[in-house]
$ cat protein28.csv   # CSV, C-alpha atoms
chain,number,residue,atom,x,y,z
D,208,MET,CA,-1.8,16.0,9.3
D,209,HIS,CA,-1.3,12.4,10.3
D,210,HIS,CA,-0.1,9.1,8.9
D,211,HIS,CA,-1.7,5.7,8.4
D,212,GLY,CA,0.2,2.5,8.2
D,213,TYR,CA,-0.7,-0.4,5.9
D,214,LEU,CA,0.7,-3.9,5.6
D,215,TRP,CA,0.0,-6.7,3.2
D,216,THR,CA,1.7,-10.1,2.7
D,217,GLY,CA,0.7,-12.7,0.2
D,218,PRO,CA,1.6,-14.7,-2.8
D,219,LYS,CA,3.7,-12.9,-5.4
D,220,GLU,CA,1.2,-14.0,-8.1
D,221,ARG,CA,-1.6,-12.2,-6.3
D,222,PHE,CA,0.5,-9.0,-5.9
D,223,ASP,CA,1.2,-9.2,-9.7
D,224,GLN,CA,-2.5,-8.8,-10.5
D,225,GLU,CA,-2.0,-5.1,-11.3
D,226,GLY,CA,-5.5,-4.7,-12.7
D,227,LEU,CA,-7.0,-5.3,-9.3
D,228,ARG,CA,-4.5,-2.9,-7.7
D,229,ARG,CA,-5.9,0.1,-9.7
D,230,PRO,CA,-9.2,1.9,-8.8
D,231,PRO,CA,-11.9,1.4,-11.4
D,232,HIS,CA,-12.2,4.0,-14.2
D,233,PRO,CA,-14.9,6.5,-13.3
D,234,GLU,CA,-16.8,5.6,-16.6
D,235,PRO,CA,-17.8,2.0,-17.2
D,236,PRO,CA,-17.1,0.5,-20.6
D,237,PRO,CA,-19.8,1.1,-23.2
D,238,ALA,CA,-22.6,-1.5,-23.3
D,239,ASP,CA,-21.4,-2.8,-26.7
D,240,SER,CA,-17.9,-3.5,-25.4
D,241,ARG,CA,-16.5,-7.0,-25.4
D,242,PRO,CA,-18.1,-9.2,-22.6
D,243,GLU,CA,-14.7,-9.9,-21.1
D,244,LEU,CA,-14.0,-6.1,-20.8
D,245,ILE,CA,-17.3,-5.5,-19.0
D,246,GLN,CA,-16.7,-8.5,-16.7
D,247,ARG,CA,-13.2,-7.3,-15.9
D,248,TYR,CA,-14.6,-3.8,-15.1
D,249,ARG,CA,-17.2,-5.3,-12.8
D,250,GLU,CA,-14.6,-7.4,-11.0
D,251,VAL,CA,-12.4,-4.3,-10.4
D,252,VAL,CA,-15.4,-2.3,-9.2
D,253,ALA,CA,-16.3,-5.0,-6.7
D,254,GLU,CA,-12.8,-5.9,-5.5
D,255,PHE,CA,-10.7,-2.7,-5.4
D,256,PRO,CA,-12.6,-0.9,-2.7
D,257,VAL,CA,-12.6,-3.8,-0.3
D,258,SER,CA,-9.4,-5.8,-1.1
D,259,GLY,CA,-6.4,-5.5,1.1
D,260,LEU,CA,-4.2,-5.9,-2.0
D,261,PRO,CA,-1.8,-2.9,-2.2
D,262,PRO,CA,-2.8,-0.3,-4.7
D,263,ILE,CA,-0.4,0.7,-7.5
D,264,GLU,CA,-0.4,4.3,-6.2
D,265,THR,CA,0.4,4.6,-2.5
D,266,ALA,CA,-2.1,7.4,-1.9
D,267,HIS,CA,-4.9,5.1,-3.1
D,268,TRP,CA,-4.7,3.2,0.2
D,269,LEU,CA,-6.9,6.1,1.5
D,270,MET,CA,-9.7,4.7,-0.8
D,271,LYS,CA,-9.6,1.4,1.1
D,272,PRO,CA,-11.6,0.4,4.1
D,273,PRO,CA,-10.5,1.8,7.5
D,274,ALA,CA,-10.2,-1.7,8.8
D,275,LEU,CA,-7.0,-2.1,6.8
D,276,ILE,CA,-5.2,0.6,8.7
D,277,GLN,CA,-2.6,-0.9,10.9
D,278,GLY,CA,-1.9,2.2,12.9
D,279,THR,CA,-2.2,6.0,12.8
D,280,TRP,CA,0.4,8.5,14.1
D,281,GLU,CA,0.6,12.2,14.3
D,282,GLU,CA,4.4,12.3,14.4
D,283,PRO,CA,6.5,11.1,11.5
D,284,LYS,CA,9.1,9.5,13.8
D,285,GLU,CA,6.4,7.3,15.4
D,286,ALA,CA,5.2,6.2,12.0
D,287,ALA,CA,8.8,5.4,10.9
D,288,ALA,CA,9.3,3.5,14.2
D,289,TRP,CA,6.3,1.3,13.3
D,290,LEU,CA,7.8,0.7,9.8
D,291,GLY,CA,11.1,-0.3,11.5
D,292,GLU,CA,9.4,-2.7,13.8
D,293,ARG,CA,7.6,-4.4,10.9
D,294,LEU,CA,10.9,-4.7,8.9
D,295,ALA,CA,12.6,-6.2,11.9
D,296,GLU,CA,9.7,-8.6,12.4
D,297,TYR,CA,9.9,-9.8,8.7
D,298,ALA,CA,13.7,-9.6,8.3
D,299,PRO,CA,14.3,-13.3,8.9
D,300,ARG,CA,12.1,-14.1,6.0
D,301,PHE,CA,13.7,-11.6,3.5
D,302,ILE,CA,15.1,-13.4,0.5
D,303,ALA,CA,17.8,-10.7,-0.2
D,304,ASP,CA,20.5,-10.3,2.4
D,305,SER,CA,20.8,-6.6,1.4
D,306,ASP,CA,17.3,-6.1,2.8
D,307,ARG,CA,18.5,-7.1,6.2
D,308,ASP,CA,21.5,-4.7,6.2
D,309,ARG,CA,21.3,-2.6,9.5
D,310,ASN,CA,22.9,0.5,8.0
D,311,ARG,CA,20.6,0.4,5.0
D,312,LEU,CA,17.6,0.0,7.3
D,313,ALA,CA,18.7,2.9,9.6
D,314,ALA,CA,19.1,5.2,6.6
D,315,LEU,CA,15.7,4.1,5.3
D,316,LEU,CA,13.9,4.9,8.6
D,317,ASN,CA,15.6,8.3,8.7
D,318,SER,CA,14.5,9.1,5.2
D,319,THR,CA,11.0,7.8,6.0
D,320,ALA,CA,10.6,10.2,8.9
D,321,GLU,CA,11.9,13.1,6.8
D,322,ARG,CA,9.6,12.3,3.8
D,323,LEU,CA,6.5,12.0,6.1
D,324,GLY,CA,7.5,15.3,7.8
D,325,TRP,CA,7.0,17.2,4.5
D,326,GLY,CA,3.8,15.3,3.7
D,327,GLY,CA,5.1,12.6,1.4
D,328,ASP,CA,4.1,8.9,1.4
D,329,VAL,CA,6.4,5.9,1.8
D,330,SER,CA,5.9,2.5,0.1
D,331,LEU,CA,8.2,-0.5,0.5
D,332,GLY,CA,8.2,-4.0,-0.8
D,333,CYS,CA,10.4,-7.0,-0.1
D,334,TYR,CA,10.4,-10.5,-1.4
D,335,LEU,CA,9.9,-13.1,1.3
D,336,GLU,CA,10.4,-16.9,1.2
D,337,ARG,CA,8.0,-19.2,-0.7
D,338,PRO,CA,7.8,-16.8,-3.0
D,339,ALA,CA,5.7,-14.3,-1.1
D,340,PHE,CA,5.8,-10.5,-1.0
D,341,LEU,CA,5.6,-8.0,1.8
D,342,SER,CA,4.2,-4.6,1.1
D,343,LEU,CA,4.4,-1.8,3.7
D,344,ALA,CA,3.1,1.7,3.3
D,345,LEU,CA,2.8,4.9,5.3
D,346,VAL,CA,0.3,7.4,3.8
D,347,THR,CA,0.0,11.0,4.8
D,348,CYS,CA,-3.6,12.0,5.4
D,349,SER,CA,-5.6,15.2,5.9
D,350,PRO,CA,-4.5,16.1,3.3
D,351,ASN,CA,-2.5,13.8,1.1
D,352,HIS,CA,-0.5,15.7,-1.6
D,353,VAL,CA,-1.5,13.3,-4.4
D,354,THR,CA,-5.2,13.0,-3.5
D,355,PRO,CA,-5.9,16.2,-1.5
D,356,ASP,CA,-9.7,16.0,-2.0
D,357,HIS,CA,-10.0,12.4,-0.8
D,358,PRO,CA,-11.3,12.3,2.8
D,359,CYS,CA,-9.5,10.4,5.6
D,360,PRO,CA,-10.8,6.8,5.7
D,361,ARG,CA,-11.4,7.1,9.4
D,362,SER,CA,-13.9,9.9,8.8
D,363,GLN,CA,-16.0,8.1,6.3
$ encode --input "protein28.csv" --output "structure tokens"
Amino acid sequence: MHHHGYLWTGPKERFDQEGLRRPPHPEPPPADSRPELIQRYREVVAEFPVSGLPPIETAHWLMKPPALIQGTWEEPKEAAAWLGERLAEYAPRFIADSDRDRNRLAALLNSTAERLGWGGDVSLGCYLERPAFLSLALVTCSPNHVTPDHPCPRSQ
């Protein structure tokens, strides 16, 4: 078991495009569907697998290209340390003062290591200035509890 780290920052409006954050349905719409539905399905099929936009379900990061992986760690504490470093890096841009609270961040990193230790995933989001959004995720791989049949993106 190991853990992959993912990071995305971008406009809040882009993050809010939830349709592009879901994998396409395995069955395309029927040929007699409304043209806009068919077009939307094609857009999702083309964009979801290659876009760095965070998926709705954390485990679906494993469906994205390996190039989006920011780091891979065998030990949960190392993955949690990466998360802590990213939070410290972006903390000056957090809109909410509570997101910068040291005690809260320390507890968050401890719970992150614990969750990764039993095979869970961690996903965090913070509003940044402008308005922008920061999405961070640590995904347990080989296997992932939510998607145990999905291969590691590094082995594809």
$ atom_distance --input "protein28.csv" --atom1 "CA of Glu296 in chain D" --atom2 "CA of Cys333 in chain D"
12.6 Å
$ closest_residue --input "protein28.csv" --among "D:Asp223, D:Ala287, D:Ala266, D:Leu312" --to "Ser349 in chain D" --atoms "only C-alpha atoms"
D:Ala266
$ atom_distance --input "protein28.csv" --atom1 "CA of Gly217 in chain D" --atom2 "CA of Ser318 in chain D"
26.3 Å
$ atom_distance --input "protein28.csv" --atom1 "CA of Glu250 in chain D" --atom2 "CA of Thr216 in chain D"
21.5 Å
$ residues_around --input "protein28.csv" --residues "Glu282 in chain D" --least-positions-apart "2" --cutoff "9 Å" --atoms "only C-alpha atoms" --output "list in words"
Met208, His209, His210, Trp280, Lys284, Glu285, Ala286, Ala287, Ala320, Leu323 and Gly324 of chain D
$ write_last_selection --input "protein28.csv" --atoms "C-alpha atoms" --output "short mmCIF file (atom, residue, chain, number, x, y, z; two decimals), in the frame of the given file"
data_model
loop_
_atom_site.label_atom_id
_atom_site.label_comp_id
_atom_site.auth_asym_id
_atom_site.auth_seq_id
_atom_site.Cartn_x
_atom_site.Cartn_y
_atom_site.Cartn_z
CA MET D 208 -1.80 16.00 9.30
CA HIS D 209 -1.30 12.40 10.30
CA HIS D 210 -0.10 9.10 8.90
CA TRP D 280 0.40 8.50 14.10
CA LYS D 284 9.10 9.50 13.80
CA GLU D 285 6.40 7.30 15.40
CA ALA D 286 5.20 6.20 12.00
CA ALA D 287 8.80 5.40 10.90
CA ALA D 320 10.60 10.20 8.90
CA LEU D 323 6.50 12.00 6.10
CA GLY D 324 7.50 15.30 7.80
#
$ closest_residue --input "protein28.csv" --among "D:Ala313, D:Ala344, D:Ala288, D:Met270" --to "Ser362 in chain D" --atoms "all atoms listed in the file"
D:Met270
$ closest_residue --input "protein28.csv" --among "D:Leu315, D:Asp356, D:Arg247, D:Cys348" --to "Leu290 in chain D" --atoms "only C-alpha atoms"
D:Leu315
$ residues_around --input "protein28.csv" --residues "Gly332 in chain D" --least-positions-apart "2" --cutoff "9 Å" --atoms "all atoms listed in the file" --output "ChimeraX atom specification"
/D:330,334,340-344
$ closest_residue --input "protein28.csv" --among "D:Gly291, D:Pro261, D:Pro272, D:Gly278" --to "Asn317 in chain D" --atoms "only C-alpha atoms"
D:Gly291
$ residues_around --input "protein28.csv" --residues "range 325-328 of chain D" --least-positions-apart "6" --cutoff "6 Å" --atoms "only C-alpha atoms" --output "PDB file with C-alpha atoms, keeping the file's coordinate frame"
ATOM      1  CA  LEU D 345       2.800   4.900   5.300  1.00  0.00           C
ATOM      2  CA  VAL D 346       0.300   7.400   3.800  1.00  0.00           C
ATOM      3  CA  THR D 347       0.000  11.000   4.800  1.00  0.00           C
TER       4      THR D 347
END
$ closest_residue --input "protein28.csv" --among "D:Arg221, D:Arg249, D:Arg300, D:Arg293" --to "Arg337 in chain D" --atoms "all atoms listed in the file"
D:Arg300
